[in-house]
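**Student:** Dropping in run38.txt, with compact mmCIF, C-alpha atoms.
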```txt
# COMPACT_ATOMS: atom_id res chain seq x y z
CA MET K 1 214.05 161.25 14.89
CA ASP K 2 210.44 160.27 14.29
CA PRO K 3 209.98 160.28 10.46
CA ALA K 4 206.31 161.17 10.71
CA GLY K 5 207.00 164.04 13.10
CA ALA K 6 209.84 165.30 10.94
CA ALA K 7 207.59 165.28 7.88
CA VAL K 8 204.95 167.30 9.75
CA ARG K 9 207.54 169.86 10.89
CA GLN K 10 208.88 170.19 7.35
CA ALA K 11 205.37 170.67 5.97
CA ASN K 12 204.67 173.37 8.58
CA ALA K 13 207.92 175.12 7.74
CA ALA K 14 207.16 174.98 4.01
CA ALA K 15 203.70 176.45 4.60
CA CYS K 16 205.02 179.35 6.69
CA LEU K 17 207.86 180.07 4.29
CA ALA K 18 205.53 180.10 1.28
CA VAL K 19 203.20 182.59 3.00
CA LEU K 20 206.10 184.88 3.89
CA ARG K 21 207.48 184.66 0.36
CA ASP K 22 204.16 185.41 -1.31
CA HIS K 23 203.20 188.32 0.97
CA ASP K 24 204.40 191.82 0.13
CA GLY K 25 205.57 192.95 3.54
CA PRO K 26 206.37 191.63 7.03
CA LEU K 27 204.02 189.32 8.93
CA THR K 28 203.61 188.66 12.63
CA ILE K 29 203.24 185.28 14.30
CA ALA K 30 199.51 185.96 14.57
CA ASP K 31 199.32 186.77 10.84
CA LEU K 32 201.11 183.54 9.95
CA ALA K 33 198.91 181.49 12.27
CA VAL K 34 195.81 182.83 10.54
CA ALA K 35 197.23 182.38 7.02
CA THR K 36 198.45 178.81 7.58
CA GLY K 37 195.86 177.55 10.05
CA LEU K 38 198.64 176.49 12.41
CA ALA K 39 198.68 177.09 16.17
CA ARG K 40 200.72 180.05 17.38
CA PRO K 41 203.21 177.90 19.34
CA THR K 42 203.79 175.85 16.18
CA VAL K 43 204.40 178.98 14.12
CA GLU K 44 206.77 180.38 16.74
CA ALA K 45 208.81 177.16 16.66
CA VAL K 46 208.87 177.19 12.84
CA ILE K 47 210.00 180.83 12.71
CA GLY K 48 212.78 180.09 15.18
CA ASP K 49 214.07 177.39 12.82
CA LEU K 50 213.63 179.51 9.69
CA LEU K 51 215.66 182.35 11.18
CA GLU K 52 218.57 179.90 11.31
CA THR K 53 218.07 177.88 8.12
CA GLY K 54 215.83 179.83 5.75
CA PRO K 55 215.81 183.21 3.97
CA VAL K 56 213.85 184.85 6.79
CA ARG K 57 214.81 187.78 8.99
CA GLN K 58 213.16 189.79 11.71
CA ALA K 59 211.63 193.02 10.47
CA ARG K 60 210.88 196.25 12.30
CA PRO K 61 208.33 195.47 15.02
CA ARG K 62 204.76 196.35 14.12
CA ARG K 63 203.10 198.74 16.53
CA SER K 64 199.92 197.40 18.03
CA PRO K 65 196.90 199.39 19.26
CA GLY K 66 197.23 200.54 22.82
CA ALA K 67 200.27 200.64 25.04
CA GLY K 68 201.41 197.05 24.53
CA ARG K 69 204.77 195.96 23.22
CA PRO K 70 205.01 196.08 19.40
CA ALA K 71 204.46 192.71 17.78
CA ARG K 72 207.54 191.09 16.29
CA ALA K 73 207.35 190.74 12.52
CA TYR K 74 209.25 188.67 9.99
CA THR K 75 209.98 188.98 6.29
CA PHE K 76 211.25 186.84 3.44
CA THR K 77 214.67 187.95 2.13
CA ALA K 78 214.38 187.23 -1.57
CA GLY K 79 217.75 188.81 -2.31
CA ALA K 80 219.66 186.41 -0.06
CA GLY K 81 220.52 184.15 -3.00
CA ARG K 82 220.15 183.41 -6.68
CA VAL K 83 218.98 180.48 -8.83
CA ALA K 84 219.93 180.03 -12.50
CA GLY K 85 217.96 178.55 -15.38
CA ILE K 86 220.12 177.75 -18.41
CA ASP K 87 219.08 176.76 -21.94
CA ILE K 88 221.89 175.24 -24.00
CA GLY K 89 221.48 175.38 -27.78
CA SER K 90 223.80 174.25 -30.54
CA GLY K 91 225.04 177.81 -31.07
CA SER K 92 223.86 179.75 -28.05
CA VAL K 93 223.53 179.87 -24.28
CA ARG K 94 220.56 181.60 -22.63
CA VAL K 95 220.52 182.28 -18.89
CA ARG K 96 217.83 183.66 -16.60
CA ILE K 97 218.52 184.43 -12.93
CA ALA K 98 215.82 184.33 -10.28
CA ASP K 99 215.93 185.55 -6.71
CA LEU K 100 214.75 183.25 -3.92
CA ALA K 101 211.15 184.36 -4.44
CA GLY K 102 211.32 183.23 -8.07
CA GLU K 103 211.35 186.71 -9.61
CA ILE K 104 213.52 187.06 -12.73
CA VAL K 105 216.18 189.62 -11.78
CA GLY K 106 218.92 189.11 -14.38
CA ARG K 107 219.62 187.61 -17.77
CA ALA K 108 222.41 187.08 -20.25
CA GLU K 109 222.84 185.38 -23.62
CA ALA K 110 225.92 184.35 -25.57
CA ILE K 111 226.76 182.96 -28.98
CA VAL K 112 228.87 179.80 -29.00
CA PRO K 113 231.51 179.93 -31.75
CA ALA K 114 231.40 177.22 -34.41
CA GLY K 115 233.91 174.44 -33.80
CA VAL K 116 234.16 175.01 -30.05
CA ASP K 117 235.08 171.90 -28.07
CA GLY K 118 233.30 170.58 -24.98
CA SER K 119 235.53 172.41 -22.51
CA GLY K 120 235.10 175.64 -24.46
CA ARG K 121 231.32 175.29 -24.37
CA LEU K 122 231.47 174.82 -20.60
CA ARG K 123 233.53 178.02 -20.32
CA VAL K 124 230.90 179.88 -22.32
CA VAL K 125 228.22 178.60 -19.94
CA ARG K 126 230.21 179.66 -16.87
CA GLY K 127 230.93 183.09 -18.30
CA THR K 128 227.33 183.71 -19.34
CA VAL K 129 225.98 182.68 -15.94
CA ARG K 130 228.50 184.93 -14.24
CA GLN K 131 227.38 187.85 -16.39
CA ALA K 132 223.70 187.16 -15.63
CA ILE K 133 224.37 187.01 -11.89
CA ARG K 134 226.26 190.31 -12.04
CA ALA K 135 223.38 191.83 -13.99
CA SER K 136 221.07 190.75 -11.16
CA GLY K 137 223.12 192.76 -8.66
CA ALA K 138 224.63 189.72 -6.95
CA ASP K 139 227.90 187.77 -6.89
CA SER K 140 228.68 184.26 -8.09
CA ALA K 141 228.92 183.16 -4.44
CA ASP K 142 225.18 183.91 -4.11
CA LEU K 143 224.24 181.12 -6.56
CA ARG K 144 222.41 178.42 -4.57
CA ALA K 145 221.42 176.07 -7.41
CA ALA K 146 221.18 175.91 -11.18
CA GLY K 147 219.14 173.99 -13.76
CA LEU K 148 220.49 173.11 -17.20
CA GLY K 149 218.47 172.10 -20.27
CA VAL K 150 220.58 170.28 -22.87
CA PRO K 151 219.66 169.05 -26.38
CA GLY K 152 220.64 165.42 -26.02
CA ILE K 153 219.92 162.02 -24.49
CA LEU K 154 221.11 161.56 -20.90
CA ASP K 155 221.87 158.37 -19.01
CA HIS K 156 220.89 157.85 -15.39
CA ASP K 157 224.23 159.27 -14.24
CA GLY K 158 223.58 162.56 -16.03
CA ARG K 159 226.05 161.99 -18.85
CA ILE K 160 225.08 162.97 -22.37
CA THR K 161 225.10 159.84 -24.50
CA GLN K 162 223.81 161.23 -27.81
CA SER K 163 223.40 164.73 -29.22
CA LEU K 164 223.27 166.13 -32.74
CA ALA K 165 223.19 169.70 -31.41
CA VAL K 166 226.12 169.51 -28.94
CA PRO K 167 228.23 166.52 -30.04
CA ASP K 168 231.19 167.98 -28.15
CA TRP K 169 229.37 167.14 -24.90
CA VAL K 170 228.80 163.43 -25.63
CA GLY K 171 230.27 161.53 -22.69
CA VAL K 172 230.30 164.69 -20.56
CA ASP K 173 228.51 165.08 -17.21
CA PRO K 174 227.84 168.85 -17.33
CA ALA K 175 226.13 168.91 -13.93
CA ASP K 176 229.21 167.47 -12.23
CA ARG K 177 231.57 169.90 -13.99
CA LEU K 178 229.47 172.98 -13.29
CA SER K 179 228.61 172.01 -9.73
CA ALA K 180 232.33 171.78 -8.98
CA SER K 181 232.82 175.28 -10.43
CA TRP K 182 229.91 176.95 -8.67
CA GLY K 183 229.88 175.05 -5.38
CA CYS K 184 226.14 174.37 -5.56
CA PRO K 185 223.86 171.63 -6.90
CA VAL K 186 223.19 171.60 -10.65
CA LEU K 187 220.23 169.82 -12.23
CA VAL K 188 220.62 168.64 -15.83
CA GLU K 189 217.79 167.38 -18.04
CA ASN K 190 216.87 167.11 -21.70
CA ASP K 191 215.64 170.48 -22.95
CA ILE K 192 212.40 169.19 -24.49
CA LYS K 193 211.49 167.24 -21.36
CA LEU K 194 211.94 170.37 -19.27
CA ALA K 195 209.69 172.31 -21.64
CA ALA K 196 207.05 169.58 -21.38
CA LEU K 197 207.15 169.65 -17.59
CA ALA K 198 206.79 173.43 -17.56
CA GLU K 199 203.67 173.20 -19.75
CA GLN K 200 202.13 170.62 -17.42
CA ARG K 201 202.95 172.58 -14.28
CA LEU K 202 201.47 175.80 -15.65
CA ARG K 203 198.22 174.04 -16.51
CA ALA K 204 198.05 172.29 -13.15
CA GLU K 205 199.07 175.39 -11.17
CA PRO K 206 196.18 176.35 -8.86
CA GLY K 207 197.41 179.92 -8.47
CA GLY K 208 195.78 181.32 -11.57
CA ALA K 209 197.99 180.15 -14.43
CA ALA K 210 196.78 180.62 -17.97
CA ARG K 211 194.61 177.84 -19.27
CA PRO K 212 194.51 176.43 -22.80
CA ALA K 213 192.21 178.49 -24.98
CA SER K 214 190.71 175.24 -26.20
CA GLY K 215 188.96 174.77 -22.87
CA ALA K 216 190.62 171.41 -22.29
CA ALA K 217 190.50 170.19 -18.72
CA THR K 218 193.77 170.45 -16.85
CA ASP K 219 195.53 167.13 -16.44
CA ASN K 220 198.65 165.54 -15.06
CA ASP K 221 199.32 163.89 -18.43
CA LEU K 222 200.31 165.52 -21.70
CA VAL K 223 202.32 164.97 -24.85
CA PHE K 224 204.65 167.79 -25.84
CA LEU K 225 205.88 168.24 -29.40
CA GLN K 226 208.57 170.79 -30.16
CA ILE K 227 208.25 171.78 -33.83
CA GLY K 228 210.93 174.06 -35.21
CA HIS K 229 213.82 173.10 -37.43
CA ARG K 230 213.23 169.58 -36.10
CA ILE K 231 210.45 167.75 -34.30
CA SER K 232 211.06 166.38 -30.82
CA ALA K 233 208.67 164.73 -28.37
CA ALA K 234 208.42 164.42 -24.59
CA LEU K 235 205.75 163.01 -22.32
CA VAL K 236 204.56 163.92 -18.84
CA MET K 237 202.60 161.21 -17.03
CA ASN K 238 201.10 161.55 -13.55
CA GLY K 239 202.79 164.92 -13.16
CA ALA K 240 206.32 163.64 -13.84
CA ILE K 241 208.54 163.40 -16.91
CA LEU K 242 208.17 159.93 -18.41
CA GLN K 243 211.72 158.62 -18.66
CA GLY K 244 211.50 154.87 -19.19
CA ARG K 245 214.06 152.24 -18.22
CA HIS K 246 216.89 153.89 -20.18
CA ARG K 247 215.62 157.51 -20.17
CA LEU K 248 214.62 157.03 -23.82
CA ALA K 249 210.86 157.64 -23.62
CA GLY K 250 209.86 159.96 -26.47
CA GLU K 251 213.24 159.76 -28.26
CA LEU K 252 211.71 158.88 -31.63
CA GLY K 253 214.77 160.21 -33.43
CA SER K 254 216.67 157.17 -32.16
CA LEU K 255 214.50 154.83 -34.27
CA ARG K 256 216.45 153.69 -37.32
CA GLY K 257 214.91 155.06 -40.49
CA MET K 258 212.58 157.36 -38.55
CA ARG K 259 211.43 160.41 -40.54
CA TRP K 260 208.69 162.79 -39.57
CA THR K 261 208.44 163.79 -43.24
CA GLU K 262 209.78 162.25 -46.43
CA SER K 263 211.89 165.32 -47.15
CA SER K 264 213.53 165.43 -43.70
CA LEU K 265 217.32 165.23 -43.75
CA ARG K 266 219.01 163.86 -40.61
CA GLY K 267 215.95 164.92 -38.65
CA ARG K 268 215.90 168.46 -39.98
CA LEU K 269 212.67 169.59 -41.66
CA ARG K 270 212.89 170.85 -45.23
CA TRP K 271 210.26 172.92 -47.06
CA ARG K 272 209.31 173.32 -50.72
CA THR K 273 207.73 176.76 -50.98
CA ALA K 274 210.15 178.70 -48.75
CA ARG K 275 213.43 178.24 -46.95
CA THR K 276 211.98 177.98 -43.44
CA GLY K 277 208.72 176.87 -41.88
CA GLN K 278 208.05 180.37 -40.59
CA GLN K 279 208.32 181.71 -44.14
CA VAL K 280 205.94 179.02 -45.43
CA PHE K 281 203.30 180.05 -42.89
CA ALA K 282 203.86 183.72 -43.67
CA ARG K 283 203.24 183.07 -47.37
CA ALA K 284 200.13 181.04 -46.57
CA ARG K 285 198.73 183.96 -44.55
CA GLU K 286 199.30 186.17 -47.59
CA GLY K 287 197.17 183.85 -49.70
CA ASP K 288 199.86 181.68 -51.34
CA ARG K 289 197.97 178.50 -52.27
CA ARG K 290 201.13 176.45 -52.72
CA ALA K 291 202.26 177.33 -49.20
CA THR K 292 198.80 176.50 -47.80
CA ALA K 293 198.89 173.14 -49.57
CA GLU K 294 202.36 172.44 -48.17
CA ILE K 295 201.12 173.09 -44.62
CA THR K 296 198.22 170.69 -45.18
CA ASP K 297 200.60 168.06 -46.54
CA PHE K 298 203.01 168.60 -43.66
CA CYS K 299 200.26 168.05 -41.08
CA ALA K 300 199.07 164.92 -42.91
CA GLU K 301 202.62 163.53 -42.90
CA ILE K 302 203.31 163.99 -39.20
CA ALA K 303 199.78 163.07 -38.04
CA PRO K 304 200.27 159.25 -38.11
CA LYS K 305 203.27 159.44 -35.74
CA ILE K 306 201.42 161.79 -33.40
CA ALA K 307 198.37 159.51 -33.46
CA ILE K 308 200.53 156.51 -32.51
CA ILE K 309 201.88 158.41 -29.49
CA ALA K 310 198.35 159.46 -28.55
CA LEU K 311 197.02 155.91 -28.67
CA THR K 312 200.01 154.64 -26.68
CA VAL K 313 199.62 156.96 -23.68
CA ASP K 314 196.07 158.36 -24.21
CA PRO K 315 196.67 161.98 -23.10
CA ALA K 316 193.98 164.60 -22.70
CA LEU K 317 196.26 167.20 -24.23
CA ILE K 318 198.91 167.49 -26.94
CA VAL K 319 200.91 170.71 -26.67
CA ILE K 320 202.80 172.12 -29.66
CA GLY K 321 205.86 174.20 -28.78
CA GLY K 322 208.86 175.52 -30.66
CA GLY K 323 209.12 178.12 -33.37
CA LEU K 324 206.19 176.89 -35.46
CA SER K 325 203.84 177.09 -32.46
CA ARG K 326 203.80 180.84 -33.11
CA ALA K 327 201.70 180.10 -36.21
CA GLY K 328 198.77 179.47 -33.85
CA ASP K 329 195.57 178.27 -35.49
CA ASP K 330 197.24 178.26 -38.90
CA LEU K 331 199.05 175.14 -37.65
CA ILE K 332 196.71 173.83 -34.95
CA VAL K 333 193.55 173.65 -37.08
CA PRO K 334 194.95 171.51 -39.93
CA LEU K 335 197.05 169.45 -37.51
CA THR K 336 194.05 168.70 -35.27
CA GLU K 337 192.01 167.70 -38.30
CA ALA K 338 194.76 165.38 -39.55
CA VAL K 339 195.44 163.73 -36.18
CA HIS K 340 191.76 163.28 -35.30
CA HIS K 341 191.19 161.75 -38.75
CA MET K 342 193.73 159.06 -37.88
CA LEU K 343 192.00 158.11 -34.61
CA MET K 344 189.04 155.75 -34.91
CA THR K 345 188.01 156.45 -31.32
CA ASP K 346 185.51 158.69 -29.59
CA GLY K 347 188.05 160.11 -27.15
CA LYS K 348 190.46 162.38 -28.99
CA PRO K 349 193.10 164.62 -27.40
CA VAL K 350 192.89 168.37 -27.59
CA ILE K 351 195.79 169.88 -29.53
CA THR K 352 196.89 173.36 -28.50
CA THR K 353 199.88 175.68 -28.63
CA SER K 354 202.46 176.13 -25.92
CA LEU K 355 201.99 178.76 -23.24
CA LEU K 356 205.73 179.45 -23.31
CA LYS K 357 206.62 179.21 -27.01
CA SER K 358 210.45 179.16 -27.14
CA ASN K 359 210.95 179.71 -23.39
CA GLY K 360 209.77 176.32 -22.16
CA THR K 361 213.26 175.02 -21.43
CA LEU K 362 214.19 178.10 -19.37
CA CYS K 363 210.97 177.84 -17.37
CA GLY K 364 211.39 174.10 -16.90
CA ALA K 365 215.00 174.48 -15.83
CA LEU K 366 214.18 177.10 -13.19
CA GLY K 367 211.05 175.38 -11.92
CA SER K 368 212.64 171.92 -11.71
CA THR K 369 215.59 173.38 -9.84
CA PHE K 370 213.34 175.06 -7.27
CA GLU K 371 211.36 171.83 -6.87
CA THR K 372 214.34 169.48 -6.66
CA HIS K 373 216.71 171.61 -4.62
CA SER K 374 214.29 173.41 -2.31
CA PRO K 375 216.35 172.39 0.78
CA GLN K 376 219.51 173.98 -0.64
CA ILE K 377 217.72 177.05 -2.01
CA LEU K 378 215.26 177.81 0.78
CA GLY K 379 216.43 175.63 3.66
CA VAL K 380 213.15 173.69 3.63
CA PRO K 381 212.03 170.77 1.40
CA ARG K 382 208.97 170.91 -0.84
CA VAL K 383 208.22 174.63 -0.73
CA PRO K 384 205.64 175.16 -3.54
CA THR K 385 207.28 176.52 -6.69
CA ARG K 386 205.83 179.66 -8.27
CA TRP K 387 205.60 178.38 -11.84
CA HIS K 388 202.76 180.76 -12.69
CA ARG K 389 204.98 183.82 -12.15
CA TRP K 390 207.23 183.07 -15.14
CA PRO K 391 205.18 183.22 -18.37
CA GLY K 392 205.91 186.51 -20.08
CA THR K 393 208.97 187.33 -17.95
CA PHE K 394 211.75 185.64 -19.94
CA ASP K 395 211.83 187.89 -23.01
CA ALA K 396 212.21 191.41 -21.64
CA PRO K 397 214.46 193.28 -24.12
CA ILE K 398 218.19 192.92 -23.78
CA SER K 399 219.73 196.33 -23.09
CA ASP K 400 220.86 198.35 -26.13
CA ALA K 401 223.90 199.32 -24.07
CA PRO K 402 225.16 195.88 -22.97
CA ILE K 403 227.15 195.48 -19.81
CA SER K 404 229.72 193.50 -21.79
CA ASP K 405 230.29 192.94 -25.47
CA VAL K 406 233.12 190.64 -26.47
CA LEU K 407 233.85 190.48 -30.18
CA VAL K 408 233.85 187.18 -32.05
CA SER K 409 237.02 188.18 -33.87
CA GLY K 410 239.18 188.81 -30.86
CA ALA K 411 239.83 191.72 -28.51
CA PRO K 412 237.03 193.10 -26.33
CA THR K 413 235.48 196.44 -27.10
CA SER K 414 236.83 199.50 -25.37
CA GLY K 415 235.88 199.56 -21.71
CA ALA K 416 234.35 196.08 -21.74
CA PRO K 417 235.63 193.63 -19.14
CA THR K 418 237.70 190.67 -20.34
CA LEU K 419 236.09 187.30 -19.64
CA ASP K 420 237.81 183.94 -19.34
CA VAL K 421 235.56 182.47 -22.02
CA PRO K 422 236.08 182.07 -25.75
CA PRO K 423 235.56 185.37 -27.62
CA VAL K 424 231.78 185.49 -28.06
CA PRO K 425 229.16 188.22 -27.89
CA ILE K 426 227.49 188.29 -24.48
CA ARG K 427 224.48 190.46 -23.77
CA SER K 428 223.21 190.97 -20.25
CA THR K 429 220.75 193.19 -18.49
CA THR K 430 219.26 193.83 -15.11
CA VAL K 431 215.53 193.29 -14.96
CA SER K 432 213.67 196.45 -14.04
CA HIS K 433 210.82 194.71 -12.22
CA ARG K 434 212.84 193.41 -9.31
CA SER K 435 211.16 191.78 -6.36
CA LYS K 436 209.97 194.13 -3.66
CA LYS K 437 211.23 191.73 -1.02
CA GLY K 438 214.37 192.36 1.03
CA THR K 439 217.74 192.24 -0.69
CA SER K 440 220.14 191.67 2.21
CA ARG K 441 222.83 189.07 1.59
```
Just give me the structure as structure tokens.
**Tutor:**
Amino acid sequence: MDPAGAAVRQANAAACLAVLRDHDGPLTIADLAVATGLARPTVEAVIGDLLETGPVRQARPRRSPGAGRPARAYTFTAGAGRVAGIDIGSGSVRVRIADLAGEIVGRAEAIVPAGVDGSGRLRVVRGTVRQAIRASGADSADLRAAGLGVPGILDHDGRITQSLAVPDWVGVDPADRLSASWGCPVLVENDIKLAALAEQRLRAEPGGAARPASGAATDNDLVFLQIGHRISAALVMNGAILQGRHRLAGELGSLRGMRWTESSLRGRLRWRTARTGQQVFARAREGDRRATAEITDFCAEIAPKIAIIALTVDPALIVIGGGLSRAGDDLIVPLTEAVHHMLMTDGKPVITTSLLKSNGTLCGALGSTFETHSPQILGVPRVPTRWHRWPGTFDAPISDAPISDVLVSGAPTSGAPTLDVPPVPIRSTTVSHRSKKGTSR
């Protein structure tokens, strides 16, 4: 097969499929030809292939003016499959389920019991994903691909080599284990790197994504800093996660003696005027001068490390995510002042808060999975991913009447189904704003 010709056919198929997916309702061959700029014979050939390989079906013919035969029409069947985005934390598992159009249609969350081993954590992940798929109105067999964000360092084979948060998974290849269970491809990546990629994609997205309030120009390069209980860094260069020779780019915590602040303990931030960073910022907003001074000192302490990263890769943008990003200008203003003070250059990066706050890993996991496994999900490579649809969709309230509720202490509540996972609370809900596309499976 001619590689150049195959690439053209794949590009044509991706263009037609994206138009069908993004349009609310059936389209005819003529409609698709106009929308894509392709010739009608080309579109007809593409549709013939998509009816066999992609989530496309023939819709009710559209009546045309006059006595002619109704024009055949085609529609995207968003409900023909599911894709999972999974965020693994030290004590929790968060899952969001998307249909094939990228709409969030189900979710579930679970607490991981203290002391659980690696196999037990995998069972929690499987059980939580199963619950989220059920909440979406589908079956586990409908899962076409999944993306997993893990808090640890990965080698090139996908094994976790270091992790303070999930030490029970060191040496484990979670993608291989889960792929064998689900019968579909599973992408695994460091959680902070996925969050960084999501931030870059949202800013580069031409479809109307939110832009930084700072007015910074969009760019393919950025530095992402997750500031919560700890500080973690990731870099996106030329639109891709910067990995390095050993996938260690940005892993500053692996530097012996590295401390973001003098009071840090094993990488965990400690505060003087309150127990948590959020409480320190809350007190500062109430006028507590000691808390305000601690924030200023904190920014001055971390600024030299941030400035070194900035001078190493020279990004246009530094994005602050994690729990403390919710402090907004109360953090960004003193941090920008401290970092810019360290840089004896005219060109200084803009520092801004995350668009996704604590949902960057979920967004990155879903988006990366759609990008990487487009052939398995949609039957066509390189179909544009709808990153801009996800901000604001991950945190719809979990139902007050959960579909399942398994007690930490043992037996399930009355009427709740028994799961083959360790006894943990699982909350799941069906998303009310389901896609309007077809739901045939």
**Student:** Between atom CA of K:Asp176 and atom CA of K:Asp157, what is the distance in Å, rounded to a tenth?
**Tutor:**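 If I compute the distance from atom CA of K:Asp176 to atom CA of K:Asp157, I get 9.8 Å.
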**Student:** Any chance you could tabulate, as JSON lines, the residues of stretch 26-79 of chain K at most 12 Å from stretch 93-99 of chain K with each one's nearest atom pair and distance in Å to one decimal, using only C-alpha atoms, in chain and rising number order?
**Tutor:**
```
{"residue": "K:Pro55", "atom": "CA", "partner": "K:Asp99", "partner_atom": "CA", "distance": 10.9}
{"residue": "K:Phe76", "atom": "CA", "partner": "K:Asp99", "partner_atom": "CA", "distance": 11.3}
{"residue": "K:Thr77", "atom": "CA", "partner": "K:Asp99", "partner_atom": "CA", "distance": 9.2}
{"residue": "K:Ala78", "atom": "CA", "partner": "K:Asp99", "partner_atom": "CA", "distance": 5.6}
{"residue": "K:Gly79", "atom": "CA", "partner": "K:Asp99", "partner_atom": "CA", "distance": 5.8}
```
**Student:** From the set K:Arg259, K:His246, K:Arg326, K:Arg130, which residue has the shortest atom-to-atom contact distance to K:Ala282, counting all atoms listed in the file?
**Tutor:**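 So, comparing all the options, the nearest one is K:Arg326.
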**Student:** Which residues are near K:Ser92? Cut-off 9 Å, all atoms listed in the file, ignore same chain within fewer than 6 positions. Put them as a list in words.
**Tutor:** Glu109, Ala110, Ile111, Val112 and Pro113 of chain K
**Student:** Please save C-alpha atoms of the selected residues as a PDB file, in the frame of the given file.
**Tutor:**
```pdb
ATOM      1  CA  GLU K 109     222.840 185.380 -23.620  1.00  0.00           C
ATOM      2  CA  ALA K 110     225.920 184.350 -25.570  1.00  0.00           C
ATOM      3  CA  ILE K 111     226.760 182.960 -28.980  1.00  0.00           C
ATOM      4  CA  VAL K 112     228.870 179.800 -29.000  1.00  0.00           C
ATOM      5  CA  PRO K 113     231.510 179.930 -31.750  1.00  0.00           C
TER       6      PRO K 113
END
```
**Student:** Grab the atom CA of K:Thr312 to atom CA of K:Phe224 distance for me, in Å with one decimal place.
**Tutor:**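 Taking atom CA of K:Thr312 as the start and atom CA of K:Phe224 as the end point, the length is 14.0 Å.
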**Student:** For a test of reading the model, state the distance in Å between atom CA of K:Ala15 and atom CA of K:Pro41, rounded to one decimal.
**Tutor:** 14.8 Å
**Student:** Hey, what's within 9 Å of K:Ala84 if we count all atoms listed in the file and toss same-chain stuff fewer than 2 positions away? As a list in words, please?
**Tutor:**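 Answer for this query is Arg82, Ile86, Val95, Arg96, Ile97, Ala98, Asp99, Val129, Ala132, Ile133, Leu143, Arg144, Ala145, Ala146, Gly147, Leu148, Ala365, Leu366 and Thr369 of chain K.
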**Student:** Between K:Met342, K:Glu371, K:Asp297, K:Val280, single out the one closest to K:Leu311, counting all atoms listed in the file.
**Tutor:**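 Closest candidate: K:Met342.
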**Student:** Of the candidates K:Arg134, K:Arg245, K:Arg57, K:Arg9, which shows the shortest atom-to-atom distance to K:Leu27, using all atoms listed in the file?
**Tutor:**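 Selected residue with least distance to K:Leu27: K:Arg57.
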**Student:** Find the residues near K:Ala165: any atom within 10 Å, counting all atoms listed in the file, skip ones fewer than 2 places away on the same chain, and give them as a PyMOL selection string.
**Tutor:** chain K and resi 88-91+150-152+162-163+167-169
**Student:** I'd like the contact shell of stretch 303-307 of chain K - 9 Å cut-off, all atoms listed in the file, skipping same-chain residues fewer than 6 positions apart - returned as an MDAnalysis selection string.
**Tutor:** chainID K and resid 225 260 318 335:336 338:343
**Student:** Nearest residue to K:Ile309 out of K:Glu44, K:Asp330, K:Glu251, K:Glu337, using only C-alpha atoms?
**Tutor:** K:Glu251
**Student:** In terms of the shortest atom-to-atom distance over all atoms listed in the file, which of K:Leu164, K:Val350, K:Val43, K:Leu242 is closest to K:Ser254?
**Tutor:** K:Leu164
**Student:** Write out N, CA and C atoms for stretch 228-238 of chain K, as a JSON list (two decimals), keeping the file's coordinate frame.
**Tutor:**
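Below is the file that was written, selection.json:
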```json
[["chain", "number", "residue", "atom", "x", "y", "z"],
["K", 228, "GLY", "N", 210.15, 172.92, -34.73],
["K", 228, "GLY", "CA", 210.93, 174.06, -35.21],
["K", 228, "GLY", "C", 211.70, 173.62, -36.43],
["K", 229, "HIS", "N", 213.01, 173.66, -36.35],
["K", 229, "HIS", "CA", 213.82, 173.10, -37.43],
["K", 229, "HIS", "C", 213.71, 171.57, -37.44],
["K", 230, "ARG", "N", 213.44, 171.01, -36.25],
["K", 230, "ARG", "CA", 213.23, 169.58, -36.10],
["K", 230, "ARG", "C", 211.95, 169.35, -35.31],
["K", 231, "ILE", "N", 211.58, 168.10, -35.16],
["K", 231, "ILE", "CA", 210.45, 167.75, -34.30],
["K", 231, "ILE", "C", 210.96, 166.83, -33.20],
["K", 232, "SER", "N", 210.66, 167.18, -31.97],
["K", 232, "SER", "CA", 211.06, 166.38, -30.82],
["K", 232, "SER", "C", 209.84, 166.18, -29.93],
["K", 233, "ALA", "N", 209.83, 165.07, -29.20],
["K", 233, "ALA", "CA", 208.67, 164.73, -28.37],
["K", 233, "ALA", "C", 209.11, 164.46, -26.94],
["K", 234, "ALA", "N", 208.23, 164.77, -25.99],
["K", 234, "ALA", "CA", 208.42, 164.42, -24.59],
["K", 234, "ALA", "C", 207.05, 164.18, -23.98],
["K", 235, "LEU", "N", 207.01, 163.37, -22.94],
["K", 235, "LEU", "CA", 205.75, 163.01, -22.32],
["K", 235, "LEU", "C", 205.81, 163.26, -20.82],
["K", 236, "VAL", "N", 204.71, 163.76, -20.28],
["K", 236, "VAL", "CA", 204.56, 163.92, -18.84],
["K", 236, "VAL", "C", 203.38, 163.06, -18.42],
["K", 237, "MET", "N", 203.62, 162.12, -17.51],
["K", 237, "MET", "CA", 202.60, 161.21, -17.03],
["K", 237, "MET", "C", 202.52, 161.30, -15.50],
["K", 238, "ASN", "N", 201.32, 161.44, -14.99],
["K", 238, "ASN", "CA", 201.10, 161.55, -13.55],
["K", 238, "ASN", "C", 201.95, 162.68, -12.94]]
```
